[in-house]
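Following: one structure in structure tokens, then a few remarks.
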Amino acid sequence: MDTQKDQVTIELNDTRLEARQGQMLIEVADANGVSIPRFCYHKKLSVSANCRMCLVEVENAPKMLPACATPVTDGMKAWTKSPKAIAAQKSVMEFLLINHPLDCPVCDQGGECDLQEMALGYGGDTSRYTEGKRIIKEKDYGSLVSTEMSRCIHCTRCVRFGVEIAGIPEIGGTGRGDHMQIGTYVQKALSSELSGNIIDLCPVGALLSKPFLFSARSWELKSVPGVAPHDAVGSNIQIQTRNGKVMRVIPQENEAVNEIWISDRDRFSYLALDSEDRVTQPMVRNSDGQLVETDWQSALEAAVNGMKMVASTDGGGALGALASPSSTTEEFYLLQKLMRGLGSNSVDHRLRQQDFSGQSDQIAPQLGTTLQQIEQQNAVLIVGSDIQREQPLLSHRIRKAALSGAAVSTVNPDGIEFNFPLSGEVVTDQLTPALSAIARAMVDMGMGGDLSGLSALVADANVEPAHQAVAESLIGGEKAMVLMGEIAYRDQNQAVIYALTGAIASMSGATFSVLTEGANALGGLLAGAVPHRDTADATVDSVGMDVASMVDMAPKGLLLMGIEAESDLAAGPAAADAIRKSEFVVSLSTFADSVTMGKSDVILPLAAFTESSGTFVNAEGEWQSFGGAVAPKGEARPGWKILRVMGTMANLDGFDYNSSEDVLSEVRGLCDQAETEKWSWSALSDLGDASSCTVASTPIYQVDSLVRRSEPLQQTPLAHAGQATTGGAE
Amino acid sequence: MANQVCFRNNHLENSWTLAAYQSSGGYEAVKKILSEKTSPEELIDEIKLSALRGRGGAGFPTGLKWSFMPRNAPGQKYIVCNSDEGEPGTCKDRDILRYNPHQLIEGMLIAGYCIGASAGYNYIRGEFWEPYSRFEVALEEARAAGLLGDNILDSGFDFQLHSHLGAGAYVCGEETALLNSIEGKKGQPRFKPPFPAGFGLYGRPTTINNTESLASIPVILSKGGQWFLDQGLPNAGGEKLFSVSGHVNRPGNYEVPMGTPFSELLEMAGGVRDGHQLKAVIPGGSSTPVVPGDQMMGINMDYDSIASAGSMLGAGSVIVMDETTCMPRVLARLAYFYYEESCGQCTPCREGTGWLSRVTQRIEDGNGAQADIDLLDSVAGNIEGNTICALGDAAAMPVRSFLKHYRDEFQHHIDHKQCMVTSDW
Ligand SMILES: Cc1cc2nc3c(=O)[nH]c(=O)nc-3n(C[C@H](O)[C@H](O)[C@H](O)COP(=O)(O)O)c2cc1C
Ligand code: SF4
Ligand code: SF4
Ligand code: FES
């Protein structure tokens, strides 16, 4: 780009400023710290110029111009606080207030309301308006967003959000003039997975968090930065608390990760924290088979002694550990350190994976690029993923790419729909043949190399026009990515699918991205919480049991961390049975599910994500640390502390950490030293099995114990929408 | 002279038929252009020479507007005719559609040719069922005669023309709201820039003209730009349609030269109804400022002369009021109109029109307060110039002019809780 030509000089409030041609005046003002009042303008939304609050004086313009919609030109002179500008701004403020209920004392937005704030600067102290005020009936937007539409100032931010960001135009303006109402027209609950963002966007108290309603005033809240624990994006959040209780969660801007958005899951999962089945006391099962509350010391002793007993009678290999994929890196690291210290490599967090045969070739599955780079892609192939529900804000980046012209195609089971246009679709409940055909099309176009173990499969594939089109769009895309999602990842034939997907990516020169479950699967892998690799990808002398083997073999001693067997494991009921068969079970639990309560010999109350410090590694490989926002509930303790004491009690070396930062620096140090190997598909040997069945991806509000317990999330239409996929995993 | 442009055929029997139109030389202009392949530049120069100014209200020179179109840029371009005619007092476009639809079609064909558009839309006011139906018949006739469609008269020029019936919103007469409405969106004005010549219908370059502007084109090109210019004034050529309504003996549309004295126009309309005197005139449609009758009698019907009286020619909709008229009552009615028709998109208009309407109605009802007159003036002033489209200004201008000229009547309503004039209508 010719920057010389692009550059213009303007005078804003008599100060010379450099700007880019075509930038809106308000952007230039914002960049230079000149404040211009505004309601409708929002940097992430299109310009609507309807509130008129940003009117400023521009030289030679016959009237005041809206700064949000006035492109700068070389030599432009503008004044944001001239008498004329101020008069226009004040008059707009007066118009906004005449029909506004001015019920700030009973409005949740109070203290963080743009209208309230600007009225202080631009409003009068008495009203010249003596007519009756407009009253608008409340809308029912469902369980997450509460409305008080008489407060609406018709800025249409929520409307534009629906069209431009959520991709579901659910909200609009109906009626004309001052009868105009913002709403859904036909009453309905919002169905976007991002709907809660309109609460932040609404500049007034018209749209509010329903669960938070009337529970606190904004200025009473203490805000602590955190990271959302539901997917591999690692959205940055602010956890807002009062008197040691989490009152709400709002986004923290981070352009590189979640921009300014969070998913509804990220926003409303905190509501599970106080659910009745929180585990708040250490418990030990007595000789009558009853769980009884006890003190930490006794519980920890019972746990460690029990595990050591199994190890001493049956060997360390008889112990297994399963952890939630949303555990912190510190927890993963200490868990595997404890288990390996006790002589077992059987540690796993890949709870919904079924096929582990390719695990030794699958080195640290991750995005392979940055989240921001996704937007720059010209071609994207999504393999086996309900990406919009699996990784809402990563999907948003794909949507942006698609809307700016990228060819996005999918190989997916039937019935999965996205809020972005697809250029090609292969609908199938058999991923392997479809991927083989795409690979074959590439080979036929001369892209192939040595496919080694995949050769036979690819050679036999039947290329149909849809496969050909996908192959061509990937090869044609200057920047392309092939993204393997949850449905593919947990396929019973995952090894082949993984290899094929990798092959397609490398033949077409595309980035190979693999997205795994939970908030910290990559952290789990790097920390070594897998049976086939030690920390930082170090080799192990003997491969331990993976999740599937543990379900099959029911290890004698089991250590569970943040697990609800029936809901969290692919094997579901079979997993629960395996646990029941085990001789000695220790559970670090945040919630009391029936399997844990019915079977565990020792239950150690585990702090929730708001109550512990820790680190998540997101799909892009970014290590994001956070501190605890509130004290753990009851007697609960952060996982890293529990595991540290267990290590010490088990007389293992290297467990004397003073803080989670100590743990982090140890594991981070190991990872930083390690050479990260690149996965290479051509090294594969003999992969012949073509039979694959797709399984469903976990519904968006079922992925973890938090969202499952968030009542308001459970009441949304999305919680009930049958997310598609064919059966066949039985 | 009168009735030489848009109404030139109205005397013919069944003037709206293709046969009648052709009997008076209809479609000859476009045929000549297409056979001689006259260059669009040449045609646009001719229109510039004619000093035809847009008849939709703003009076923007039509030739100049056409020259803004990126004529040779690739891709679809559109010509759109604005037959929404919603301004109170206006009823001229309706009669063009009813009596001379083919002249509009020919005008749109030529416009399409000049700006490089192969498709056009005529957006017709929702309530105009009869004119719409007649226009549809005319379209069918033109298509059947090979005057619309592909490769018109073997010239290689394609032009498709469709009409689109609105749903009765005044604001859809604003050109960008009109475009949104054709696109099936809510009829609310777009923020400009971008202007339609760059980003118009479906995001493509588009020219929007009023019905009368477009229907004048064939006459200009067949009789010459100079002829048209000679009918009117140097900066505003031609004859123009004036819709005279209100307290006159013969309300109706009159096509007379630009610059015709108001007194002559009034006379053509039969003068003020018998036994009454002229009190006030709204010269250009309800959104233009009111002018006291005696002042009006010294004014000519052209842009500059009316501007000298503080008002505007607008769409040429002359509303005549005699001494029985209660001005607060008229203003209350007008304010209510704009209140009801505001699209509600931008703050000053959405909130301000309701405010104006409520206060004017209160005064009319005898519940006015002393501060109300200044309040009205100030609220109107705060709307003016601060909105997305000109509807805000249209709502404000009558208020300010009524208060300026008839403040005493408003004061009387407030002081005595009753009207100053005895109204018997
Ligand atoms: C609120 C509003 C209503 C309007 N209604 C009409 C209308 O009914 N007919 C019309 O031709 N122009 C109307 N206009 C003007 C158009 O926006 C536009 O200027 C005109 O159609 C251009 O055509 P012209 O250049 O031939 O006059 C309206 C403008 C506003 C702001
Ligand atoms: S509800 Fe809020 S965001 Fe939506 S238009 Fe009204 S004020 Fe704007
Ligand atoms: S001025 Fe009135 S009609 Fe025009 S855009 Fe604004 S609200 Fe709508
Ligand atoms: S912020 Fe510019 S008009 Fe609303």
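Each chain in the structure tokens gets a letter, A, B and so on, in the order shown; residues start at 1 in every chain, and ligands are counted from 1 in the order they appear.
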
Which residues form the shell of 7 Å around ligand 1 when you count only C-alpha atoms and all ligand atoms, given as a count of residues only? 31

Taking only C-alpha atoms and all ligand atoms into account, produce a table as JSON lines in which each residue of chain A with an atom at most 9 Å from an atom of ligand 4 appears once, together with its shortest atom pair and the distance in Å to one decimal, ordered by chain and rising number.
{"residue": "A:Ile26", "atom": "CA", "partner": "ligand 4", "partner_atom_place_in_ligand_line": "2 (Fe)", "distance": 8.0}
{"residue": "A:Ile36", "atom": "CA", "partner": "ligand 4", "partner_atom_place_in_ligand_line": "1 (S)", "distance": 8.4}
{"residue": "A:Pro37", "atom": "CA", "partner": "ligand 4", "partner_atom_place_in_ligand_line": "1 (S)", "distance": 7.0}
{"residue": "A:Arg38", "atom": "CA", "partner": "ligand 4", "partner_atom_place_in_ligand_line": "1 (S)", "distance": 3.9}
{"residue": "A:Phe39", "atom": "CA", "partner": "ligand 4", "partner_atom_place_in_ligand_line": "1 (S)", "distance": 5.0}
{"residue": "A:Cys40", "atom": "CA", "partner": "ligand 4", "partner_atom_place_in_ligand_line": "4 (Fe)", "distance": 4.0}
{"residue": "A:Tyr41", "atom": "CA", "partner": "ligand 4", "partner_atom_place_in_ligand_line": "1 (S)", "distance": 4.1}
{"residue": "A:His42", "atom": "CA", "partner": "ligand 4", "partner_atom_place_in_ligand_line": "1 (S)", "distance": 7.7}
{"residue": "A:Val47", "atom": "CA", "partner": "ligand 4", "partner_atom_place_in_ligand_line": "2 (Fe)", "distance": 7.8}
{"residue": "A:Ser48", "atom": "CA", "partner": "ligand 4", "partner_atom_place_in_ligand_line": "3 (S)", "distance": 6.8}
{"residue": "A:Ala49", "atom": "CA", "partner": "ligand 4", "partner_atom_place_in_ligand_line": "3 (S)", "distance": 3.5}
{"residue": "A:Asn50", "atom": "CA", "partner": "ligand 4", "partner_atom_place_in_ligand_line": "3 (S)", "distance": 4.7}
{"residue": "A:Cys51", "atom": "CA", "partner": "ligand 4", "partner_atom_place_in_ligand_line": "4 (Fe)", "distance": 3.8}
{"residue": "A:Arg52", "atom": "CA", "partner": "ligand 4", "partner_atom_place_in_ligand_line": "3 (S)", "distance": 3.6}
{"residue": "A:Met53", "atom": "CA", "partner": "ligand 4", "partner_atom_place_in_ligand_line": "4 (Fe)", "distance": 5.3}
{"residue": "A:Cys54", "atom": "CA", "partner": "ligand 4", "partner_atom_place_in_ligand_line": "2 (Fe)", "distance": 4.4}
{"residue": "A:Leu55", "atom": "CA", "partner": "ligand 4", "partner_atom_place_in_ligand_line": "2 (Fe)", "distance": 6.7}
{"residue": "A:Leu65", "atom": "CA", "partner": "ligand 4", "partner_atom_place_in_ligand_line": "2 (Fe)", "distance": 8.6}
{"residue": "A:Pro66", "atom": "CA", "partner": "ligand 4", "partner_atom_place_in_ligand_line": "2 (Fe)", "distance": 4.9}
{"residue": "A:Ala67", "atom": "CA", "partner": "ligand 4", "partner_atom_place_in_ligand_line": "2 (Fe)", "distance": 5.7}
{"residue": "A:Cys68", "atom": "CA", "partner": "ligand 4", "partner_atom_place_in_ligand_line": "2 (Fe)", "distance": 4.2}
{"residue": "A:Ala69", "atom": "CA", "partner": "ligand 4", "partner_atom_place_in_ligand_line": "2 (Fe)", "distance": 6.4}
{"residue": "A:Thr70", "atom": "CA", "partner": "ligand 4", "partner_atom_place_in_ligand_line": "2 (Fe)", "distance": 8.9}
{"residue": "A:Cys155", "atom": "CA", "partner": "ligand 4", "partner_atom_place_in_ligand_line": "4 (Fe)", "distance": 7.1}

Can you tell me, as a list in words, what residues are no more than 8 Å from region 531-540 of chain A when counting only C-alpha atoms, ignoring any on the same chain fewer than 4 positions away?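 The residues satisfying every condition are Tyr333, Asn345, Ser346, Val347, Asp348, Gln359, Ser360, Ile363, Leu525, Leu526, Ala527, Gly544, Met545, Asp546, Val667, Leu670, Cys671, Ala674 and Thr676 of chain A.
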
Considering only C-alpha atoms, extract the chain B residues located within 10 Å of chain A and return them as a ChimeraX atom specification. /B:169,171,186-188,190-194,338-355,358-359,362,371-372,375,378-379,381-388

Name all residues at most 8 Å from Ala167 (chain B) (count only C-alpha atoms; drop same-chain ones fewer than 3 positions away) and give them as a PDB file with N, CA, C and O atoms, in the first residue's frame.
ATOM      1  N   ARG B 125     -45.916   5.205  -5.139  1.00  0.00           N
ATOM      2  CA  ARG B 125     -46.550   5.328  -3.820  1.00  0.00           C
ATOM      3  C   ARG B 125     -47.604   4.241  -3.608  1.00  0.00           C
ATOM      4  O   ARG B 125     -48.405   3.940  -4.491  1.00  0.00           O
ATOM      5  N   GLY B 126     -47.593   3.672  -2.415  1.00  0.00           N
ATOM      6  CA  GLY B 126     -48.455   2.537  -2.096  1.00  0.00           C
ATOM      7  C   GLY B 126     -49.928   2.778  -2.328  1.00  0.00           C
ATOM      8  O   GLY B 126     -50.669   1.875  -2.744  1.00  0.00           O
ATOM      9  N   GLU B 127     -50.380   3.995  -2.080  1.00  0.00           N
ATOM     10  CA  GLU B 127     -51.809   4.276  -2.230  1.00  0.00           C
ATOM     11  C   GLU B 127     -52.220   4.475  -3.685  1.00  0.00           C
ATOM     12  O   GLU B 127     -53.409   4.544  -3.991  1.00  0.00           O
TER      13      GLU B 127
END

Would you return as a list in words the members of region 159-223 of chain B that DSSP assigns to alpha helix (DSSP H) on this structure's backbone? Glu175, Thr176, Ala177, Leu178, Leu179, Asn180, Ser181, Ile182, Thr211, Glu212, Ser213, Leu214, Ala215, Ser216, Ile217, Pro218, Val219, Ile220, Leu221, Ser222 and Lys223 of chain B

Counting only C-alpha atoms, the option among B:Asn235, B:Ser263, B:Ser286, B:Asn122 closest to Met312 (chain B):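 Ranked by minimum distance to Met312 (chain B), first place goes to B:Ser286.
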